[in-house]
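Here is the file run-v6.txt (compact mmCIF, C-alpha atoms).
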# COMPACT_ATOMS: atom_id res chain seq x y z
CA MET C 1300 -64.08 78.34 45.27
CA ASP C 1301 -62.08 75.15 45.02
CA ASN C 1302 -64.93 72.73 45.69
CA PRO C 1303 -68.25 74.37 44.68
CA ILE C 1304 -71.50 72.76 45.68
CA SER C 1305 -74.16 72.53 42.98
CA ILE C 1306 -77.85 72.19 43.93
CA LEU C 1307 -80.62 70.83 41.75
CA PHE C 1308 -84.33 70.16 42.43
CA TYR C 1309 -85.97 67.64 40.11
CA LEU C 1310 -89.01 65.39 39.82
CA LYS C 1311 -88.94 61.62 40.13
CA ARG C 1312 -91.61 61.01 37.54
CA VAL C 1313 -91.36 57.24 37.90
CA LYS C 1314 -92.74 57.57 41.42
CA VAL C 1315 -95.99 59.38 40.63
CA ASN C 1316 -98.58 58.67 43.37
CA ALA C 1317 -102.27 57.76 43.03
CA GLN C 1318 -103.22 61.46 42.75
CA GLY C 1319 -100.86 61.87 39.78
CA LEU C 1320 -98.33 63.93 41.76
CA ALA C 1321 -94.57 63.38 41.45
CA PRO C 1322 -92.15 63.76 44.39
CA ILE C 1323 -89.63 66.61 44.32
CA PHE C 1324 -86.06 65.49 45.04
CA GLN C 1325 -82.99 67.51 45.95
CA ARG C 1326 -79.59 66.65 44.42
CA ILE C 1327 -76.37 68.04 45.87
CA THR C 1328 -73.19 67.46 43.79
CA ILE C 1329 -69.71 67.90 45.27
CA ASN C 1330 -66.60 66.91 43.30
CA GLY C 1331 -68.65 64.64 41.07
CA ARG C 1332 -70.31 62.80 43.97
CA ARG C 1333 -74.07 63.12 44.42
CA LEU C 1334 -76.33 63.16 47.43
CA ASP C 1335 -80.04 62.74 46.61
CA ASN C 1336 -82.80 63.32 49.17
CA SER C 1337 -86.56 63.74 49.02
CA THR C 1338 -87.85 67.24 49.83
CA GLY C 1339 -91.11 65.78 51.14
CA LYS C 1340 -93.13 67.76 48.59
CA PHE C 1341 -95.21 66.57 45.61
CA VAL C 1342 -96.33 68.49 42.54
CA ASP C 1343 -98.31 68.05 39.34
CA PRO C 1344 -95.63 67.26 36.68
CA ASP C 1345 -97.34 69.69 34.28
CA LYS C 1346 -96.80 72.55 36.77
CA TRP C 1347 -93.08 71.86 37.25
CA HIS C 1348 -90.49 74.13 35.60
CA SER C 1349 -87.44 71.87 34.98
CA GLU C 1350 -85.06 74.62 33.92
CA MET C 1351 -85.91 76.85 36.90
CA SER C 1352 -86.09 73.87 39.30
CA LYS C 1353 -89.34 75.14 40.86
CA MET C 1354 -93.12 75.07 40.52
CA ARG C 1355 -94.69 77.33 37.91
CA GLY C 1356 -97.08 80.16 38.75
CA THR C 1357 -97.83 82.32 41.77
CA SER C 1358 -100.58 80.30 43.39
CA GLU C 1359 -100.51 79.74 47.16
CA GLU C 1360 -99.40 76.14 46.51
CA ALA C 1361 -96.59 77.34 44.25
CA ARG C 1362 -95.43 79.96 46.82
CA SER C 1363 -95.48 77.34 49.59
CA ILE C 1364 -93.53 74.70 47.66
CA ASN C 1365 -91.00 77.16 46.20
CA GLY C 1366 -90.48 78.74 49.62
CA HIS C 1367 -89.76 75.30 51.05
CA LEU C 1368 -87.21 74.65 48.28
CA ASP C 1369 -85.56 78.05 48.94
CA ASN C 1370 -85.22 77.19 52.63
CA LEU C 1371 -83.55 73.89 51.75
CA LYS C 1372 -81.16 75.68 49.42
CA SER C 1373 -80.32 78.25 52.12
CA LYS C 1374 -79.56 75.43 54.56
CA ILE C 1375 -77.13 73.89 52.07
CA LEU C 1376 -75.39 77.22 51.48
CA ASN C 1377 -75.13 77.78 55.24
CA VAL C 1378 -73.39 74.42 55.58
CA GLU C 1379 -70.94 75.52 52.90
CA LYS C 1380 -70.31 78.81 54.73
CA ASN C 1381 -69.72 76.97 58.02
CA LEU C 1382 -67.10 74.73 56.42
CA ILE C 1383 -65.31 77.75 54.97
CA LYS C 1384 -65.47 79.52 58.35
CA LYS C 1385 -63.98 76.48 60.08
CA ASP C 1386 -61.27 76.26 57.41
CA ILE C 1387 -62.40 72.73 56.59
CA PRO C 1388 -61.91 71.65 52.95
CA ILE C 1389 -65.26 71.24 51.22
CA THR C 1390 -65.53 67.59 50.29
CA PHE C 1391 -68.44 65.24 49.96
CA ASP C 1392 -67.71 63.66 53.35
CA SER C 1393 -67.05 66.93 55.21
CA TYR C 1394 -70.29 68.42 53.81
CA ARG C 1395 -72.37 65.38 54.74
CA ASN C 1396 -70.89 65.28 58.25
CA GLU C 1397 -71.54 69.00 58.77
CA LEU C 1398 -75.08 68.66 57.44
CA THR C 1399 -75.94 65.74 59.71
CA GLY C 1400 -73.97 67.03 62.69
CA LYS C 1401 -71.72 63.99 62.62
CA LYS C 1402 -68.14 64.70 63.64
CA GLU C 1403 -65.67 63.50 61.04
CA ARG C 1404 -63.25 60.92 62.40
CA GLU C 1405 -59.78 62.32 62.75
CA ARG C 1406 -57.07 60.43 60.94
CA MET C 1407 -53.91 60.37 63.00
CA LEU C 1408 -50.45 59.90 61.52
CA ILE C 1409 -48.89 57.30 63.83
CA PRO C 1410 -51.55 54.54 63.41
CA ILE C 1411 -51.33 54.98 59.62
CA PHE C 1412 -47.52 54.67 59.77
CA GLN C 1413 -47.78 51.63 62.06
CA GLU C 1414 -50.26 49.92 59.74
CA HIS C 1415 -47.90 50.53 56.80
CA ASN C 1416 -45.06 48.89 58.73
CA ARG C 1417 -47.26 45.98 59.78
CA LYS C 1418 -47.98 45.17 56.14
CA ILE C 1419 -44.28 45.32 55.25
CA LYS C 1420 -43.55 42.96 58.16
CA GLU C 1421 -46.09 40.48 56.79
CA LEU C 1422 -44.30 40.52 53.42
CA VAL C 1423 -40.71 40.25 54.66
CA GLY C 1424 -39.07 37.43 52.75
CA GLN C 1425 -41.58 37.74 49.90
CA GLU C 1426 -41.54 41.33 48.63
CA TYR C 1427 -39.33 43.04 51.21
CA ALA C 1428 -35.97 42.40 52.86
CA PRO C 1429 -35.64 42.54 56.67
CA GLY C 1430 -33.52 45.68 56.23
CA THR C 1431 -36.46 47.48 54.60
CA LEU C 1432 -38.66 46.84 57.63
CA GLU C 1433 -35.86 47.99 59.91
CA ARG C 1434 -35.50 51.26 58.00
CA TYR C 1435 -39.23 52.02 58.20
CA GLU C 1436 -39.33 51.15 61.91
CA THR C 1437 -36.46 53.59 62.46
CA SER C 1438 -38.30 56.20 60.36
CA LEU C 1439 -41.41 55.72 62.51
CA LYS C 1440 -39.37 56.23 65.69
CA HIS C 1441 -37.80 59.41 64.31
CA THR C 1442 -41.26 60.68 63.30
CA LYS C 1443 -42.66 60.06 66.81
CA ASP C 1444 -39.66 61.73 68.43
CA PHE C 1445 -39.93 64.76 66.12
CA ILE C 1446 -43.65 65.29 66.84
CA PHE C 1447 -42.98 65.24 70.57
CA TRP C 1448 -39.89 67.47 70.20
CA LYS C 1449 -41.70 70.05 68.06
CA TYR C 1450 -45.30 69.99 69.31
CA ASN C 1451 -45.05 68.21 72.69
CA ILE C 1452 -47.70 65.71 71.56
CA THR C 1453 -47.59 61.99 70.78
CA ASP C 1454 -49.52 62.08 67.50
CA ILE C 1455 -50.87 64.52 64.93
CA ASN C 1456 -53.86 64.75 62.62
CA ILE C 1457 -52.65 64.20 59.05
CA GLU C 1458 -54.54 67.33 57.96
CA LYS C 1459 -52.17 69.37 60.12
CA ILE C 1460 -49.14 68.16 58.15
CA ASP C 1461 -48.04 70.96 55.84
CA HIS C 1462 -44.90 72.24 54.11
CA SER C 1463 -43.66 73.71 57.38
CA PHE C 1464 -43.98 70.30 59.07
CA ILE C 1465 -41.77 68.72 56.39
CA THR C 1466 -39.04 71.36 56.54
CA GLU C 1467 -39.04 71.32 60.36
CA TYR C 1468 -38.79 67.54 60.33
CA GLU C 1469 -35.78 67.72 58.03
CA PHE C 1470 -34.19 70.34 60.30
CA TYR C 1471 -34.79 68.07 63.31
CA LEU C 1472 -33.08 65.13 61.60
CA ARG C 1473 -30.06 67.22 60.72
CA SER C 1474 -29.74 69.17 63.98
CA GLU C 1475 -31.06 66.93 66.78
CA ARG C 1476 -30.39 63.50 65.25
CA LYS C 1477 -27.13 64.63 63.60
CA CYS C 1478 -28.06 62.86 60.36
CA ALA C 1479 -25.88 63.44 57.31
CA ASN C 1480 -27.54 64.89 54.22
CA ASN C 1481 -28.28 61.60 52.47
CA THR C 1482 -29.50 59.91 55.65
CA ALA C 1483 -31.91 62.78 56.40
CA VAL C 1484 -33.19 62.75 52.82
CA LYS C 1485 -33.83 58.99 53.00
CA TYR C 1486 -35.86 59.33 56.22
CA ILE C 1487 -37.91 62.11 54.64
CA LYS C 1488 -38.39 59.92 51.58
CA ASN C 1489 -39.75 57.12 53.79
CA PHE C 1490 -42.14 59.60 55.41
CA HIS C 1491 -43.18 60.81 51.95
CA LYS C 1492 -44.40 57.31 51.14
CA ILE C 1493 -46.82 57.47 54.09
CA ILE C 1494 -48.15 60.83 52.89
CA ASN C 1495 -48.58 59.46 49.36
CA GLN C 1496 -50.73 56.66 50.78
CA CYS C 1497 -52.91 59.25 52.55
CA LEU C 1498 -53.30 61.16 49.29
CA ALA C 1499 -54.12 57.99 47.35
CA ASN C 1500 -56.81 57.07 49.88
CA GLY C 1501 -58.40 60.52 49.62
CA TRP C 1502 -57.60 61.40 53.24
CA LEU C 1503 -55.65 64.49 52.23
CA ASN C 1504 -56.65 67.14 49.70
CA LYS C 1505 -53.26 68.83 49.43
CA ASP C 1506 -49.79 67.36 49.14
CA PRO C 1507 -47.58 68.87 51.87
CA PHE C 1508 -44.54 67.85 49.80
CA PHE C 1509 -45.58 70.18 46.96
CA ASN C 1510 -42.64 72.54 46.28
CA TYR C 1511 -40.41 70.61 48.69
CA LYS C 1512 -37.09 69.54 47.20
CA ALA C 1513 -34.28 67.52 48.71
CA LYS C 1514 -31.24 66.27 46.88
CA ILE C 1515 -29.06 63.25 47.50
CA LYS C 1516 -25.38 64.19 47.43
CA GLU C 1517 -23.17 61.86 45.45
CA VAL C 1518 -20.95 59.82 47.72
CA VAL C 1519 -17.38 58.91 46.78
CA ARG C 1520 -17.44 55.12 46.98
CA ASP C 1521 -14.35 53.15 47.96
CA PHE C 1522 -13.13 50.18 45.94
CA LEU C 1523 -9.96 48.12 45.71
CA SER C 1524 -7.33 48.62 43.04
CA GLU C 1525 -5.84 45.70 41.10
CA ALA C 1526 -2.73 45.87 43.31
CA GLU C 1527 -4.85 45.70 46.47
CA ILE C 1528 -6.88 42.75 45.15
CA GLU C 1529 -3.65 40.88 44.31
CA GLN C 1530 -2.23 41.80 47.70
CA MET C 1531 -5.26 40.28 49.39
CA ILE C 1532 -5.36 37.16 47.20
CA ASN C 1533 -1.65 36.41 47.69
CA LYS C 1534 -1.71 36.93 51.46
CA GLU C 1535 -1.33 33.74 53.48
CA PHE C 1536 -3.44 33.77 56.64
CA VAL C 1537 -2.72 31.76 59.76
CA SER C 1538 -6.39 32.01 60.74
CA GLU C 1539 -8.84 29.87 58.75
CA ARG C 1540 -11.55 32.29 59.73
CA LEU C 1541 -9.79 35.24 58.01
CA GLU C 1542 -8.96 33.08 54.99
CA LEU C 1543 -12.65 32.17 54.61
CA VAL C 1544 -13.77 35.81 54.86
CA ARG C 1545 -11.05 36.87 52.38
CA ASP C 1546 -12.15 34.20 49.89
CA ILE C 1547 -15.83 35.13 50.00
CA PHE C 1548 -14.99 38.84 49.74
CA VAL C 1549 -12.84 38.13 46.66
CA PHE C 1550 -15.68 36.01 45.25
CA SER C 1551 -17.92 39.07 45.46
CA CYS C 1552 -15.19 41.20 43.85
CA PHE C 1553 -15.35 38.90 40.81
CA THR C 1554 -19.17 38.49 40.68
CA GLY C 1555 -20.51 41.84 41.93
CA LEU C 1556 -23.03 40.13 44.21
CA ALA C 1557 -24.18 41.83 47.42
CA TYR C 1558 -23.87 40.06 50.77
CA ILE C 1559 -27.47 38.80 50.94
CA ASP C 1560 -27.29 37.45 47.39
CA VAL C 1561 -24.06 35.55 48.09
CA LYS C 1562 -25.66 34.13 51.22
CA GLN C 1563 -28.65 32.84 49.23
CA LEU C 1564 -26.59 31.18 46.48
CA THR C 1565 -27.06 27.45 45.91
CA LEU C 1566 -25.91 25.08 43.17
CA ASP C 1567 -29.28 25.73 41.51
CA ASN C 1568 -28.09 29.27 40.75
CA ILE C 1569 -25.26 27.91 38.56
CA ALA C 1570 -26.14 26.95 34.98
CA LEU C 1571 -24.69 27.06 31.49
CA GLY C 1572 -25.03 30.43 29.82
CA ILE C 1573 -25.46 31.38 26.18
CA ASP C 1574 -21.73 30.79 25.57
CA GLY C 1575 -21.77 27.26 27.02
CA ASP C 1576 -19.78 28.31 30.11
CA LYS C 1577 -21.02 28.48 33.69
CA TRP C 1578 -23.02 31.53 34.74
CA ILE C 1579 -24.70 32.67 37.95
CA PHE C 1580 -28.43 33.27 37.53
CA LYS C 1581 -29.86 35.07 40.55
CA ASN C 1582 -32.70 37.49 41.25
CA ARG C 1583 -31.42 40.22 43.55
CA GLN C 1584 -32.99 40.20 47.01
CA LYS C 1585 -33.11 44.02 47.11
CA THR C 1586 -34.95 44.69 43.85
CA ASP C 1587 -36.00 41.23 42.59
CA THR C 1588 -34.33 42.06 39.26
CA ALA C 1589 -32.37 39.36 37.44
CA SER C 1590 -28.57 39.22 37.60
CA LYS C 1591 -26.82 37.06 34.99
CA ILE C 1592 -23.08 36.83 35.63
CA PRO C 1593 -20.56 34.69 33.72
CA LEU C 1594 -18.32 32.91 36.24
CA LEU C 1595 -14.76 34.20 36.07
CA PRO C 1596 -12.00 31.64 36.88
CA MET C 1597 -11.23 33.20 40.29
CA ALA C 1598 -14.88 32.93 41.39
CA GLN C 1599 -15.05 29.32 40.17
CA GLU C 1600 -11.87 28.45 42.12
CA ILE C 1601 -13.46 29.72 45.34
CA ILE C 1602 -16.65 27.72 44.71
CA ASP C 1603 -14.58 24.58 44.14
CA LYS C 1604 -12.50 25.24 47.26
CA TYR C 1605 -15.56 25.11 49.54
CA ALA C 1606 -17.61 22.49 47.70
CA GLU C 1607 -17.02 19.92 50.45
CA HIS C 1608 -17.36 22.33 53.37
CA PRO C 1609 -19.84 20.98 55.99
CA VAL C 1610 -22.00 24.13 55.88
CA CYS C 1611 -22.24 23.95 52.07
CA LYS C 1612 -23.16 20.26 52.13
CA ASN C 1613 -25.57 20.36 55.09
CA GLU C 1614 -27.31 23.65 54.29
CA LYS C 1615 -27.02 23.38 50.48
CA ARG C 1616 -25.22 26.70 50.22
CA LEU C 1617 -22.69 27.54 47.55
CA LEU C 1618 -20.40 29.23 50.09
CA PRO C 1619 -20.17 29.03 53.92
CA ILE C 1620 -20.68 32.75 54.49
CA LEU C 1621 -20.79 34.23 58.01
CA THR C 1622 -23.18 36.94 59.21
CA ASN C 1623 -22.78 40.34 57.63
CA GLN C 1624 -21.67 41.84 60.95
CA LYS C 1625 -18.94 39.22 61.40
CA MET C 1626 -17.82 39.53 57.78
CA ASN C 1627 -17.39 43.29 58.14
CA ALA C 1628 -15.60 42.93 61.49
CA TYR C 1629 -13.12 40.40 60.08
CA LEU C 1630 -12.61 42.46 56.92
CA LYS C 1631 -11.19 45.25 59.11
CA GLU C 1632 -8.66 42.74 60.45
CA ILE C 1633 -7.85 41.63 56.90
CA ALA C 1634 -7.29 45.25 55.82
CA ASP C 1635 -4.79 45.70 58.65
CA VAL C 1636 -2.96 42.44 57.88
CA CYS C 1637 -2.82 43.25 54.14
CA GLU C 1638 -1.83 46.88 54.85
CA ILE C 1639 -4.79 48.21 52.88
CA LYS C 1640 -5.50 51.74 54.07
CA LYS C 1641 -9.25 51.58 53.47
CA GLU C 1642 -12.15 50.82 55.78
CA LEU C 1643 -13.24 47.54 54.23
CA THR C 1644 -16.89 46.49 54.23
CA PHE C 1645 -18.43 43.67 52.24
CA HIS C 1646 -20.21 46.12 49.91
CA ILE C 1647 -16.85 47.46 48.73
CA ALA C 1648 -16.48 44.17 46.85
CA ARG C 1649 -19.50 45.10 44.71
CA HIS C 1650 -17.98 48.50 43.94
CA THR C 1651 -14.68 46.80 43.10
CA PHE C 1652 -16.41 44.52 40.60
CA ALA C 1653 -18.07 47.52 38.94
CA THR C 1654 -14.84 49.52 38.65
CA THR C 1655 -11.54 47.64 38.87
CA VAL C 1656 -12.68 44.24 37.58
CA THR C 1657 -15.05 45.25 34.78
CA LEU C 1658 -15.15 48.91 33.69
CA SER C 1659 -11.41 49.53 33.91
CA ASN C 1660 -10.88 46.45 31.75
CA GLY C 1661 -13.11 47.72 28.96
CA VAL C 1662 -16.43 46.09 29.86
CA PRO C 1663 -19.17 48.51 28.69
CA LEU C 1664 -21.32 50.27 31.29
CA GLU C 1665 -24.49 48.66 29.91
CA THR C 1666 -23.04 45.18 30.41
CA VAL C 1667 -21.91 45.98 33.95
CA SER C 1668 -25.36 47.36 34.74
CA LYS C 1669 -26.99 44.15 33.54
CA MET C 1670 -24.69 41.95 35.63
CA LEU C 1671 -25.26 44.08 38.72
CA GLY C 1672 -29.02 43.69 38.26
CA HIS C 1673 -29.64 47.44 38.06
CA THR C 1674 -32.82 48.78 36.47
CA SER C 1675 -31.14 51.94 35.13
CA LEU C 1676 -27.69 53.04 34.02
CA LYS C 1677 -27.91 55.97 36.43
CA THR C 1678 -27.72 53.55 39.36
CA THR C 1679 -24.67 51.84 37.88
CA GLN C 1680 -22.89 55.15 37.45
CA HIS C 1681 -22.91 55.64 41.23
CA TYR C 1682 -20.84 52.46 41.56
CA ALA C 1683 -18.77 52.86 38.43
CA LYS C 1684 -15.99 55.36 39.01
CA ILE C 1685 -13.91 55.76 35.89
CA LEU C 1686 -10.32 55.16 36.92
CA ASP C 1687 -7.33 57.25 35.85
CA LYS C 1688 -5.98 54.14 34.16
CA LYS C 1689 -9.07 53.89 31.95
CA ILE C 1690 -8.90 57.59 31.09
CA SER C 1691 -5.23 57.19 30.15
CA GLU C 1692 -5.96 54.15 27.93
CA ASP C 1693 -8.86 55.92 26.20
CA MET C 1694 -6.75 59.01 25.53
CA MET C 1695 -3.92 56.84 24.14
CA ILE C 1696 -6.40 55.45 21.61
CA LEU C 1697 -7.42 59.00 20.73
CA LYS C 1698 -3.76 60.03 20.28
CA SER C 1699 -3.21 57.07 17.93
CA LYS C 1700 -6.20 58.10 15.83
CA PHE C 1701 -4.88 61.66 15.53
CA LYS C 1702 -1.46 60.35 14.56
CA SER C 1703 -2.88 58.12 11.82
CA LYS C 1704 -4.70 61.16 10.42
CA GLY C 1705 -1.47 63.16 10.33
CA ILE C 1706 -2.46 65.39 13.22
CA SER C 1707 0.48 65.35 15.63
CA SER C 1708 2.70 67.60 17.64
CA GLY C 1709 5.26 69.94 16.07
CA GLN C 1710 2.83 71.46 13.58
CA ILE C 1711 2.32 74.71 15.47
CA LYS C 1712 4.97 77.22 14.34
CA THR C 1713 6.59 79.34 17.02
CA LYS C 1714 6.76 83.07 16.37
CA ILE C 1715 10.25 84.58 16.63
Let me see the file written as structure tokens.
Amino acid sequence: MDNPISILFYLKRVKVNAQGLAPIFQRITINGRRLDNSTGKFVDPDKWHSEMSKMRGTSEEARSINGHLDNLKSKILNVEKNLIKKDIPITFDSYRNELTGKKERERMLIPIFQEHNRKIKELVGQEYAPGTLERYETSLKHTKDFIFWKYNITDINIEKIDHSFITEYEFYLRSERKCANNTAVKYIKNFHKIINQCLANGWLNKDPFFNYKAKIKEVVRDFLSEAEIEQMINKEFVSERLELVRDIFVFSCFTGLAYIDVKQLTLDNIALGIDGDKWIFKNRQKTDTASKIPLLPMAQEIIDKYAEHPVCKNEKRLLPILTNQKMNAYLKEIADVCEIKKELTFHIARHTFATTVTLSNGVPLETVSKMLGHTSLKTTQHYAKILDKKISEDMMILKSKFKSKGISSGQIKTKI
């Protein structure tokens, strides 16, 4: 039995009454938690058998007291049998509720999910970004819709959530919501966090995610080549709006900063680094990890260009960046004008920094990871595609080494 109940009868000798009799107490232990109650019986301490947990002898008094203790024990065992019959996990709370006839309060999934989201909302701007709240609100909506789709109900007891629930939820996301693999996995991951909270609070005895596995598929990330960056930089725009968006996009290409981090930049984020040159010091909004980025000349030129811009002066921003939606919309126009056959988004600039600007020019992966503010190299590797150019350069170095060692072509003799 997973959760056995142990029963012990003992004397409370410190509570001996005026007649010298000690009260007999009953102790029930379930999963390390104890429930002590008086049996209502008293006995001479000298007549009590501690090891047998009953009164010694066969006197009428002994038969009466021991019979009473046996009845109490039978009642406890009956409670245990009832829980097993009802398929209710035997826990301290479920036993006590069954014993007293109190119905255990059902814990429903949706209020728990809503409370989780409420706490995130309270911490937006401190520990969480607005996008995080938006993702969990979307996850909550998908969860509600799935429960109604599958069970025709508006909520479900968390104890009813099992492995089948998880796999059916994933199927729903893929089939009904038409989610791609990685999107479906992320929604399930958000739901998993709610289940982990239930487990941590002791509301669930089994993890429904046990033996469940989902894998993120690696996505091929777009980035700009050196030729495309130069093409964009050298393009003269008639529209000041497109010129501004181009400049800020290029700034991100040469700093690796995400949109929200560029938006938050002020002059306070610029300071002298260990080499005496200007660096950007910024904690990433997404992870709150530190990014330390030496300012490349191109990035510095863009900062200088907009130093006197009204938005920069009035709002104390480093750059007069537009909303993310507008930036991405205008970037599509810029791609058309520059004849770049890629669907440009602002985040592509970050990928470009990781690949074309840094890695392909010999900057080590560890250094790139530090500048991007990543907590592990594995994360950086998703951004950092090794270009054919870099492979070619590395192999040229290898060929030179072989040549210096006298290992070259023409040494294999052809059989005639």
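Within the 7 Å cut-off around segment 1661-1676 of chain C, using all atoms listed in the file and omitting residues fewer than 2 positions from it on the same chain, the listed residues are Gly1555, Arg1583, Thr1588, Ala1589, Ser1590, Lys1591, Ile1592, Ala1653, Thr1657, Leu1658, Ser1659, Thr1678, Thr1679 and Gln1680 of chain C.
One distance worth recording is that between atom CA of Ile1387 of chain C and atom CA of Gln1325 of chain C, which is 23.8 Å.
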One decimal, Å: what's the distance from atom CA of Arg1520 of chain C over to atom CA of Ala1479 of chain C, could you say?
15.7 Å
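For the atom pair formed by atom CA of Asn1370 of chain C and atom CA of Arg1312 of chain C, the distance is 23.0 Å, given to one decimal.
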Surrounding residues of segment 1504-1516 of chain C excluding itself and chain neighbours under 4 positions, 9 Å, all atoms listed in the file, as a ChimeraX atom specification:
/C:1388,1390,1458,1460-1466,1480-1482,1484-1485,1487,1491,1494-1495,1498
Centre, x/y/z edge lengths, axis-aligned box for segment 1437-1456 of chain C with 4 Å per side, as JSON:
{"center_x": -45.2, "center_y": 61.8, "center_z": 66.5, "size_x": 25.4, "size_y": 24.5, "size_z": 20.3}
When you look at Arg1333 of chain C with a cut-off of 12 Å (counting all atoms listed in the file), what residues show up, excluding the ones that are within fewer than 5 positions of it in the same chain? I need them as a PyMOL selection string.
chain C and resi 1304-1307+1325-1328+1390-1392+1394-1395
Mind dumping the selected residues with C-alpha atoms as a PDB file, in the coordinates of the input?
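Below is the file again11.pdb, written as the result:
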ATOM      1  CA  ILE C1304     -71.500  72.760  45.680  1.00  0.00           C
ATOM      2  CA  SER C1305     -74.160  72.530  42.980  1.00  0.00           C
ATOM      3  CA  ILE C1306     -77.850  72.190  43.930  1.00  0.00           C
ATOM      4  CA  LEU C1307     -80.620  70.830  41.750  1.00  0.00           C
ATOM      5  CA  GLN C1325     -82.990  67.510  45.950  1.00  0.00           C
ATOM      6  CA  ARG C1326     -79.590  66.650  44.420  1.00  0.00           C
ATOM      7  CA  ILE C1327     -76.370  68.040  45.870  1.00  0.00           C
ATOM      8  CA  THR C1328     -73.190  67.460  43.790  1.00  0.00           C
ATOM      9  CA  THR C1390     -65.530  67.590  50.290  1.00  0.00           C
ATOM     10  CA  PHE C1391     -68.440  65.240  49.960  1.00  0.00           C
ATOM     11  CA  ASP C1392     -67.710  63.660  53.350  1.00  0.00           C
ATOM     12  CA  TYR C1394     -70.290  68.420  53.810  1.00  0.00           C
ATOM     13  CA  ARG C1395     -72.370  65.380  54.740  1.00  0.00           C
TER      14      ARG C1395
END
When you count all atoms listed in the file, which of these residues is closest to Glu1426 of chain C: C:Lys1384, C:Met1354, C:Thr1586, C:Leu1594?
C:Thr1586
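Distances here use all atoms listed in the file; by that measure, the residue among C:Val1378, C:Tyr1435, C:Glu1614, C:Ala1317 closest to Thr1399 of chain C is C:Val1378.
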Need the shell around Gln1624 of chain C: protein/DNA/RNA residues with any atom at most 10 Å away, counting all atoms listed in the file. Skip same-chain ones fewer than 5 positions apart. Format as a list in words?
Tyr1629, Leu1630, Thr1644 and Phe1645 of chain C
Can you tell me, as an NGL selection string, which residues sit within 12 Å of (-8.9, 38.0, 50.2) in the file's frame, using all atoms listed in the file?
:C and (1523 or 1527-1536 or 1539-1553 or 1597-1598 or 1601 or 1626 or 1629-1634 or 1636-1637 or 1639 or 1643 or 1645 or 1648)
Mind checking which residues fall within 12 Å of His1348 of chain C, counting all atoms listed in the file, ignoring those fewer than 4 positions away in the same chain, and posting them as a PyMOL selection string?
chain C and resi 1308-1310+1323+1342-1344+1352-1356+1361+1365
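Distances here use all atoms listed in the file; by that measure, the residue among C:Ile1620, C:Ile1559, C:Leu1382, C:Ile1411 closest to Asn1500 of chain C is C:Ile1411.
With all atoms listed in the file as the atoms that count, the minimum distance from Asn1456 of chain C to the choices C:Leu1472, C:Cys1497, C:Lys1488, C:Asn1416 is reached by C:Cys1497.
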